[in-house]
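Visitor: My questions will all concern the structure given below.
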Amino acid sequence: MITIVAVTALAILALITQAGILALERTYPAQGKMIAVAGATLNVIDMGPGDAVGPPVVMIHGASANLEVMRQPLGEKLAKHHRVILIDRPGHGWSTRVRARDSSPAVQARMIDEALEQLGVGPAILVVHSWSGALGACMALDYPERVAGLVMLAPVAYPWPGGVGWYNKMVSTPVIGPLLAYTITLPLGLFLAEPGARGVFLPQLMPDGFVGNTATSLLLRPREFLANARDLMTLKAAVAEQAPRYANIGVPTVVISGELDKTVSTNIHSRPFARTVPNAKLLVLPDVGHMVQYAAPDLVISEIDAMTGKLAHSTAAAAN
C-alpha cells in the first residue's frame, strides 16, 4: 500500500510538472534567434545599432538565471549606443544542450565562441556575471581573437571552501536527480523562487516583480534545473584547472564586486583575480551584494563606455 501511494504521488507530481512546463513556456516565450552549434542550440538576442562605433558588447549571465538578468538592468541601456548581444548559456533559458556533461566553462566557451563566429562578432567586450566570470576568463585565454576586453561582475574565478548546496549534489546524482527534477522540483520551486532570489540581492532589496520580469521560474523546468545543478557541481574543479593561467590574460579587464557579497566572496575571487591579471582594474563597492548589475548599473555602463573608448583609441593609434 505504501508503495502504491508513493508511486501514485510521484505520478501526480510528474503530471503537475508537465503542466507547469507548458504554462511557464507559454508565459515566457523565446524572444531571440536560435543558433545551432556543436552540442547545443543557443538563444541569442542581438540588439542596438549594428554599425555602432567600437566593439560589440556580449553579455552572459550566471547560474540559476537567463539572459534577462543582463538585459533589463544593462543591455537595454547599452543598446542605445552599442551593439549588444545577449546569450542564454547552454541549457539555460531557451538555449538547449545535447549532453548534460557539457557543463564546464571551457565547453560552454567553445559553444559561445562558435555562435559568435556565426554572427560575425569579434573581438567583443565580454560582460559576465557570477558563474560566467569563469567562462569569460576562459574565453580570454582560449579564444583571444574573440575578446577585446573583459568586464567581470562579481565573478567566480577560484576554488572556494565548501560546496554548492546539498540539493545541487542530490540533483546531480543519477536516477535520484532526474526523479526529483521531473516530479517535485517545479511545484516546490514555485514557492521558493522568490525567497531564494531575494537572498541573492542582499543587502540590496530585490526589485519589485523581479522573478516574473526575468522569467526566473524557467529554471524550474527539469532539463534546465538539471543543467544548472551540473554546472555548479563541476565549476570548482574547472576554475582550479584554469586559474594558474590567469596571468596570461592580455585584454583590458575591469572587475566590479560588492564588498558584502555572500554568494561569491570578493576576497576569494575578485581581489586575487585582479592582482593576477596584468593591468586589471578592481572596483569593490561598499554595502553592495552579489547583484552588481542591479545595484550599480550606471557605474557598470560607464566602465564599459570607458573601455570602448580606450579600445577605439588604441585601434586608431595602431592604424596610424
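Quick note on naming: the chains in the C-alpha cells go A, B, ... in the order shown, residues restart at 1 in each chain, and ligands are numbered from 1 in order of appearance.
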With 7 Å as the cut-off and only C-alpha atoms counted, what is the closest atom pair between each nearby residue of stretch 26-73 of chain A and stretch 108-117 of chain A? Distances in Å to one decimal, ordered by chain and number, as a Markdown table.

Guide:
```
| residue | atom | partner | partner_atom | distance |
| --- | --- | --- | --- | --- |
| A:Ile35 | CA | A:Ala115 | CA | 6.4 |
| A:Val37 | CA | A:Met111 | CA | 6.2 |
| A:Ala38 | CA | A:Met111 | CA | 6.8 |
```

Visitor: Stretch 144-159 of chain A: which residues within 8 Å, counting only C-alpha atoms, same-chain residues fewer than 3 positions away excluded, as number ranges by chain?

Guide: A: 55, 113, 121-134, 136-137, 139-141, 236-237, 239-240, 243, 251-258, 261, 264, 266, 268-270, 273, 290-293, 304, 307, 311

Visitor: Here is a test: counting only C-alpha atoms, which residue of A:Leu232, A:Ile4, A:Leu24, A:Ala52 is nearest to A:Asp102?

Guide: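 Closest to A:Asp102, using only C-alpha atoms: A:Leu232.
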
Visitor: How close does stretch 168-211 of chain A get to stretch 63-73 of chain A? List, as JSON lines, each residue of stretch 168-211 of chain A within 10 Å, its nearest atom pair and the distance in Å to one decimal, counting only C-alpha atoms.

Guide:
```
{"residue": "A:Ala197", "atom": "CA", "partner": "A:Ser64", "partner_atom": "CA", "distance": 9.4}
{"residue": "A:Phe210", "atom": "CA", "partner": "A:Val69", "partner_atom": "CA", "distance": 9.0}
{"residue": "A:Val211", "atom": "CA", "partner": "A:Val69", "partner_atom": "CA", "distance": 9.9}
```

Visitor: Choose the residue, out of A:Ala247, A:Arg271, A:Glu194, A:Thr308, that has the smallest atom-to-atom separation from A:Leu78; count only C-alpha atoms.

Guide: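 Looking only at the distances to A:Leu78, the closest residue turns out to be A:Thr308.
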
Visitor: Rank A:Asp208, A:Asp46, A:Glu76, A:Glu25 by their smallest atom-to-atom distance to A:Gly93, using only C-alpha atoms, and report the top residue only.

Guide: A:Glu25

Visitor: Would you mind reading off the distance between atom CA of A:Pro244 and atom CA of A:Leu135, one decimal, in Å?

Guide: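 These two atoms are separated by 14.8 Å.
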
Visitor: List the spatial neighbours of A:Ala11 as a PyMOL selection string - criterion: any atom at most 9 Å away, only C-alpha atoms, same-chain residues fewer than 5 positions off excluded.

Guide: chain A and resi 6+16+183

Visitor: Taking only stretch 4-205 of chain A into account, list the residues labelled strand (DSSP E or B) by DSSP (computed from the backbone), as a PyMOL selection string.

Guide: chain A and resi 33-37+40-47+57-60+84-87+96-97+124-129+147-153
